[in-house]
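Q: Okay, handing you the structure first.
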Amino acid sequence: MKKIIGLMISCLLVSTAYANDSSYSKLNFDKDCTFDKPANENEASMGATAICKINGKPDIYFEDGDLRHSVGFGAKKIFESFGAWNSMNTTIEWRHDNNGDIFAAIVRFFIDHPNPETGTPDKTTRGQILAIHNVAKTINDETCVTALVDARANENPNVIARQMADEMAQSFNCITQAPKYYGSEGEYSAAFNKPMQPLESPTEVTPMPSDAVTPVEPAKTN
C-alpha cells in the first residue's frame, strides 16, 4: 500500500513539474507606457499608440483607434479588434511553460453594447470577452489573438481561456488563421475583426513581347 501511495505521489509531482502556470501583471498606462506623440490634433483625435514595459514581461504594444483597443505582446501587430466599441482591462494573465517562458497572454475586453432602453452602454449590456494572445519571441515574430471566450456566457471562462492558451497559442498561425469563440457564446459577445494578411506579395505579370504572339488571320466572309 505504501508503495502505491508513493508511486501516486511521484506521478503527481512529475505532472505538476510539467504543468503550465500563470502569473499576473497590472498595467499602469501612466507609469508603464510611452505614448507616441501625435503629429497634429487630427491624428490625436483618431487614437493613440504606445509601448508598455513591465519588468520581467514581454513588451506590450498598445493601440487605440476609433474607441477600440488592440494589443500585441513581444512585437507590434496589425490593428485587430472587436467590431463594437471596446476597451481592454489592465490585468494581464501570462501563461508560462514548464521552463518558465511566457507563451501566451489573456486579456479581458469590455464590449460597449448600448442598452436598448437608454441607447447608451451600461453594465447590464456590457460584454466581457477573454482574448487569448500568443506572445512573439522576437520583434520579428507574429503576435495576435488566437482564441476568444465569452466571460458572461460561461461558468468557468478563465479555465477555458487557459486551456485554449495552452492548446493553441504556440501553434496558431497569425497570418492564415482567424480566432473563434470557444465554449458558449451569449448575446453580449461581439464579432472580432481580423485583417487577413497575404502569404506573399502578388506575383508581377510580365507582358509578353509583341513579336512572340502569332497573329491570327481574320476569318473569311462570303
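If you're wondering about the labels, chains in the C-alpha cells are A, B, ... by order shown, residues count from 1 in each chain, ligands from 1 in order shown.
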Within 6 Å of segment 108-119 of chain A, counting only C-alpha atoms, which residues show up once you throw out same-chain ones fewer than 3 positions away? Write them as a ChimeraX atom specification, please.

A: /A:85-89,125-130

Q: Those residues with C-alpha atoms, as a PDB file, in the first residue's frame please?

A:
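File again18.pdb, as written:
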ATOM      1  CA  TRP A  85     -16.576  49.811 -29.189  1.00  0.00           C
ATOM      2  CA  ASN A  86     -14.392  48.242 -26.534  1.00  0.00           C
ATOM      3  CA  SER A  87     -11.604  48.694 -24.013  1.00  0.00           C
ATOM      4  CA  MET A  88      -9.078  46.302 -22.517  1.00  0.00           C
ATOM      5  CA  ASN A  89      -8.813  45.522 -18.831  1.00  0.00           C
ATOM      6  CA  THR A 125     -25.418  45.161 -21.511  1.00  0.00           C
ATOM      7  CA  ARG A 126     -21.626  45.327 -21.314  1.00  0.00           C
ATOM      8  CA  GLY A 127     -19.950  42.282 -22.795  1.00  0.00           C
ATOM      9  CA  GLN A 128     -16.830  40.718 -21.326  1.00  0.00           C
ATOM     10  CA  ILE A 129     -14.608  38.708 -23.646  1.00  0.00           C
ATOM     11  CA  LEU A 130     -11.350  36.971 -22.743  1.00  0.00           C
TER      12      LEU A 130
END

Q: Can you list every residue of segment 7-122 of chain A that has an atom at most 10 Å from segment 158-165 of chain A, with its nearest atom pair and the distance in Å to one decimal, using only C-alpha atoms, ordered by chain then number, as a tab-separated table?

A:
residue	atom	partner	partner_atom	distance
A:Asn20	CA	A:Arg162	CA	9.2
A:Asp21	CA	A:Arg162	CA	9.2
A:Ser22	CA	A:Arg162	CA	8.7
A:Glu93	CA	A:Arg162	CA	9.2
A:Trp94	CA	A:Arg162	CA	9.5
A:Arg95	CA	A:Ala165	CA	7.5
A:Phe103	CA	A:Ala165	CA	8.4
A:Ala104	CA	A:Ala165	CA	6.1
A:Ala105	CA	A:Ala165	CA	7.8
A:Ile106	CA	A:Ala161	CA	7.3
A:Val107	CA	A:Ala161	CA	9.7
A:Arg108	CA	A:Asn158	CA	9.8

Q: Store the residues picked out above, limited to N, CA and C atoms, as a JSON list (two decimals), in the first residue's frame.

A:
[["chain", "number", "residue", "atom", "x", "y", "z"],
["A", 20, "ASN", "N", 1.74, 23.82, -17.08],
["A", 20, "ASN", "CA", 1.85, 25.25, -17.33],
["A", 20, "ASN", "C", 1.33, 26.02, -16.13],
["A", 21, "ASP", "N", 1.75, 27.26, -16.01],
["A", 21, "ASP", "CA", 1.38, 28.05, -14.84],
["A", 21, "ASP", "C", 1.07, 29.48, -15.28],
["A", 22, "SER", "N", 0.49, 30.26, -14.37],
["A", 22, "SER", "CA", 0.12, 31.64, -14.67],
["A", 22, "SER", "C", 0.79, 32.61, -13.71],
["A", 93, "GLU", "N", -3.07, 38.19, -17.64],
["A", 93, "GLU", "CA", -2.66, 36.87, -17.16],
["A", 93, "GLU", "C", -1.66, 36.30, -18.16],
["A", 94, "TRP", "N", -0.48, 35.97, -17.67],
["A", 94, "TRP", "CA", 0.57, 35.39, -18.52],
["A", 94, "TRP", "C", 0.60, 33.88, -18.32],
["A", 95, "ARG", "N", 0.70, 33.14, -19.42],
["A", 95, "ARG", "CA", 0.85, 31.69, -19.33],
["A", 95, "ARG", "C", 2.31, 31.31, -19.56],
["A", 103, "PHE", "N", 4.39, 32.21, -23.10],
["A", 103, "PHE", "CA", 3.99, 31.92, -24.47],
["A", 103, "PHE", "C", 2.61, 32.46, -24.82],
["A", 104, "ALA", "N", 1.85, 32.93, -23.82],
["A", 104, "ALA", "CA", 0.51, 33.44, -24.10],
["A", 104, "ALA", "C", 0.13, 34.50, -23.07],
["A", 105, "ALA", "N", -0.81, 35.36, -23.47],
["A", 105, "ALA", "CA", -1.34, 36.39, -22.57],
["A", 105, "ALA", "C", -2.85, 36.41, -22.72],
["A", 106, "ILE", "N", -3.55, 36.49, -21.60],
["A", 106, "ILE", "CA", -5.01, 36.53, -21.59],
["A", 106, "ILE", "C", -5.45, 37.89, -21.07],
["A", 107, "VAL", "N", -6.27, 38.57, -21.86],
["A", 107, "VAL", "CA", -6.74, 39.92, -21.51],
["A", 107, "VAL", "C", -8.25, 39.97, -21.63],
["A", 108, "ARG", "N", -8.90, 40.56, -20.65],
["A", 108, "ARG", "CA", -10.35, 40.74, -20.69],
["A", 108, "ARG", "C", -10.67, 42.05, -21.41]]

Q: Would you tabulate, counting only C-alpha atoms, all residues of segment 31-115 of chain A that have an atom at most 9 Å from an atom of segment 145-153 of chain A, showing the closest pair of atoms and their distance in Å to one decimal, sorted by chain then ascending number, as JSON lines?

A:
{"residue": "A:Val71", "atom": "CA", "partner": "A:Val145", "partner_atom": "CA", "distance": 8.8}
{"residue": "A:Gly72", "atom": "CA", "partner": "A:Val145", "partner_atom": "CA", "distance": 8.4}
{"residue": "A:Glu80", "atom": "CA", "partner": "A:Val145", "partner_atom": "CA", "distance": 8.2}
{"residue": "A:Ser81", "atom": "CA", "partner": "A:Val145", "partner_atom": "CA", "distance": 8.9}
{"residue": "A:Arg108", "atom": "CA", "partner": "A:Ala151", "partner_atom": "CA", "distance": 8.4}

Q: Run DSSP on the backbone and grab whatever in segment 32-214 of chain A lands in helix (DSSP H, G or I); send it over as a PyMOL selection string.

A: chain A and resi 32+41-46+157-168+210-212

Q: Let me see the file: selected residues, C-alpha atoms, as a PDB file, in the first residue's frame.

A:
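Below is the file that was written, part_37.pdb:
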ATOM      1  CA  ASP A  32       4.418  51.771 -17.717  1.00  0.00           C
ATOM      2  CA  GLU A  41      -4.696  67.404 -33.401  1.00  0.00           C
ATOM      3  CA  ASN A  42      -6.469  65.394 -36.072  1.00  0.00           C
ATOM      4  CA  GLU A  43      -4.140  62.445 -35.542  1.00  0.00           C
ATOM      5  CA  ALA A  44      -4.526  62.770 -31.778  1.00  0.00           C
ATOM      6  CA  SER A  45      -8.304  62.580 -32.066  1.00  0.00           C
ATOM      7  CA  MET A  46      -8.075  59.315 -34.003  1.00  0.00           C
ATOM      8  CA  PRO A 157     -14.350  31.291 -18.543  1.00  0.00           C
ATOM      9  CA  ASN A 158     -10.841  31.617 -17.103  1.00  0.00           C
ATOM     10  CA  VAL A 159     -10.377  27.850 -17.093  1.00  0.00           C
ATOM     11  CA  ILE A 160     -11.461  27.652 -20.736  1.00  0.00           C
ATOM     12  CA  ALA A 161      -9.174  30.554 -21.659  1.00  0.00           C
ATOM     13  CA  ARG A 162      -6.157  28.892 -20.033  1.00  0.00           C
ATOM     14  CA  GLN A 163      -6.937  25.627 -21.779  1.00  0.00           C
ATOM     15  CA  MET A 164      -7.160  27.325 -25.186  1.00  0.00           C
ATOM     16  CA  ALA A 165      -3.948  29.240 -24.492  1.00  0.00           C
ATOM     17  CA  ASP A 166      -2.113  26.036 -23.640  1.00  0.00           C
ATOM     18  CA  GLU A 167      -3.501  24.106 -26.607  1.00  0.00           C
ATOM     19  CA  MET A 168      -3.423  26.722 -29.364  1.00  0.00           C
ATOM     20  CA  SER A 210       4.580  41.580 -79.291  1.00  0.00           C
ATOM     21  CA  ASP A 211       6.800  39.598 -81.636  1.00  0.00           C
ATOM     22  CA  ALA A 212       6.191  36.463 -79.591  1.00  0.00           C
TER      23      ALA A 212
END

Q: To test your reading of the structure, identify every residue in segment 25-88 of chain A that backbone DSSP assigns to strand (DSSP E), and report it as number ranges by chain.

A: A: 25-26, 33-35, 47-52, 60-65, 68-73, 81-82, 86-88

Q: For the residues in the current selection, export C-alpha atoms as a JSON list (two decimals), in the first residue's frame.

A:
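Writing done, so here's out.json:
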[["chain", "number", "residue", "atom", "x", "y", "z"],
["A", 25, "SER", "CA", 0.52, 41.91, -14.11],
["A", 26, "LYS", "CA", -1.42, 45.11, -13.57],
["A", 33, "CYS", "CA", 3.64, 53.14, -21.18],
["A", 34, "THR", "CA", 5.39, 55.54, -23.52],
["A", 35, "PHE", "CA", 2.91, 57.03, -25.96],
["A", 47, "GLY", "CA", -6.43, 57.37, -31.17],
["A", 48, "ALA", "CA", -3.07, 56.57, -29.63],
["A", 49, "THR", "CA", -0.20, 54.09, -29.77],
["A", 50, "ALA", "CA", 2.23, 53.14, -27.03],
["A", 51, "ILE", "CA", 4.88, 50.68, -25.96],
["A", 52, "CYS", "CA", 4.47, 49.49, -22.38],
["A", 60, "ILE", "CA", 3.22, 45.36, -24.69],
["A", 61, "TYR", "CA", 2.28, 47.19, -27.89],
["A", 62, "PHE", "CA", -0.96, 49.09, -27.30],
["A", 63, "GLU", "CA", -3.10, 50.84, -29.87],
["A", 64, "ASP", "CA", -6.36, 52.75, -29.52],
["A", 65, "GLY", "CA", -8.29, 53.53, -32.68],
["A", 68, "ARG", "CA", -11.40, 50.23, -30.00],
["A", 69, "HIS", "CA", -8.31, 48.68, -28.44],
["A", 70, "SER", "CA", -5.71, 46.39, -29.97],
["A", 71, "VAL", "CA", -2.72, 44.92, -28.15],
["A", 72, "GLY", "CA", 0.30, 42.86, -29.14],
["A", 73, "PHE", "CA", 2.81, 41.09, -26.93],
["A", 81, "SER", "CA", -10.15, 44.37, -32.52],
["A", 82, "PHE", "CA", -13.83, 43.80, -31.95],
["A", 86, "ASN", "CA", -14.39, 48.24, -26.53],
["A", 87, "SER", "CA", -11.60, 48.69, -24.01],
["A", 88, "MET", "CA", -9.08, 46.30, -22.52]]

Q: Please produce, as CSV, a per-residue contact table for segment 114-145 of chain A versus segment 170-184 of chain A (criterion: any atom at most 10 Å away, only C-alpha atoms considered), showing the nearest atom pair and its distance in Å to one decimal, sorted by chain then residue number.

A:
residue,atom,partner,partner_atom,distance
A:Ile129,CA,A:Tyr181,CA,9.4
A:Leu130,CA,A:Tyr181,CA,9.7
A:Ala131,CA,A:Pro179,CA,9.2
A:Ile132,CA,A:Pro179,CA,9.0
A:His133,CA,A:Gln170,CA,9.6
A:Asn134,CA,A:Gln170,CA,6.5
A:Val135,CA,A:Gln170,CA,8.2
A:Ala136,CA,A:Gln170,CA,9.4
A:Asp141,CA,A:Cys174,CA,9.7
A:Glu142,CA,A:Cys174,CA,6.3
A:Thr143,CA,A:Cys174,CA,6.7
A:Cys144,CA,A:Cys174,CA,5.9
A:Val145,CA,A:Pro179,CA,6.3

Q: Go ahead and compute the interatomic distance for atom CA of Asp97 of chain A and atom CA of Ala19 of chain A, in Å to one decimal.

A: 7.2 Å
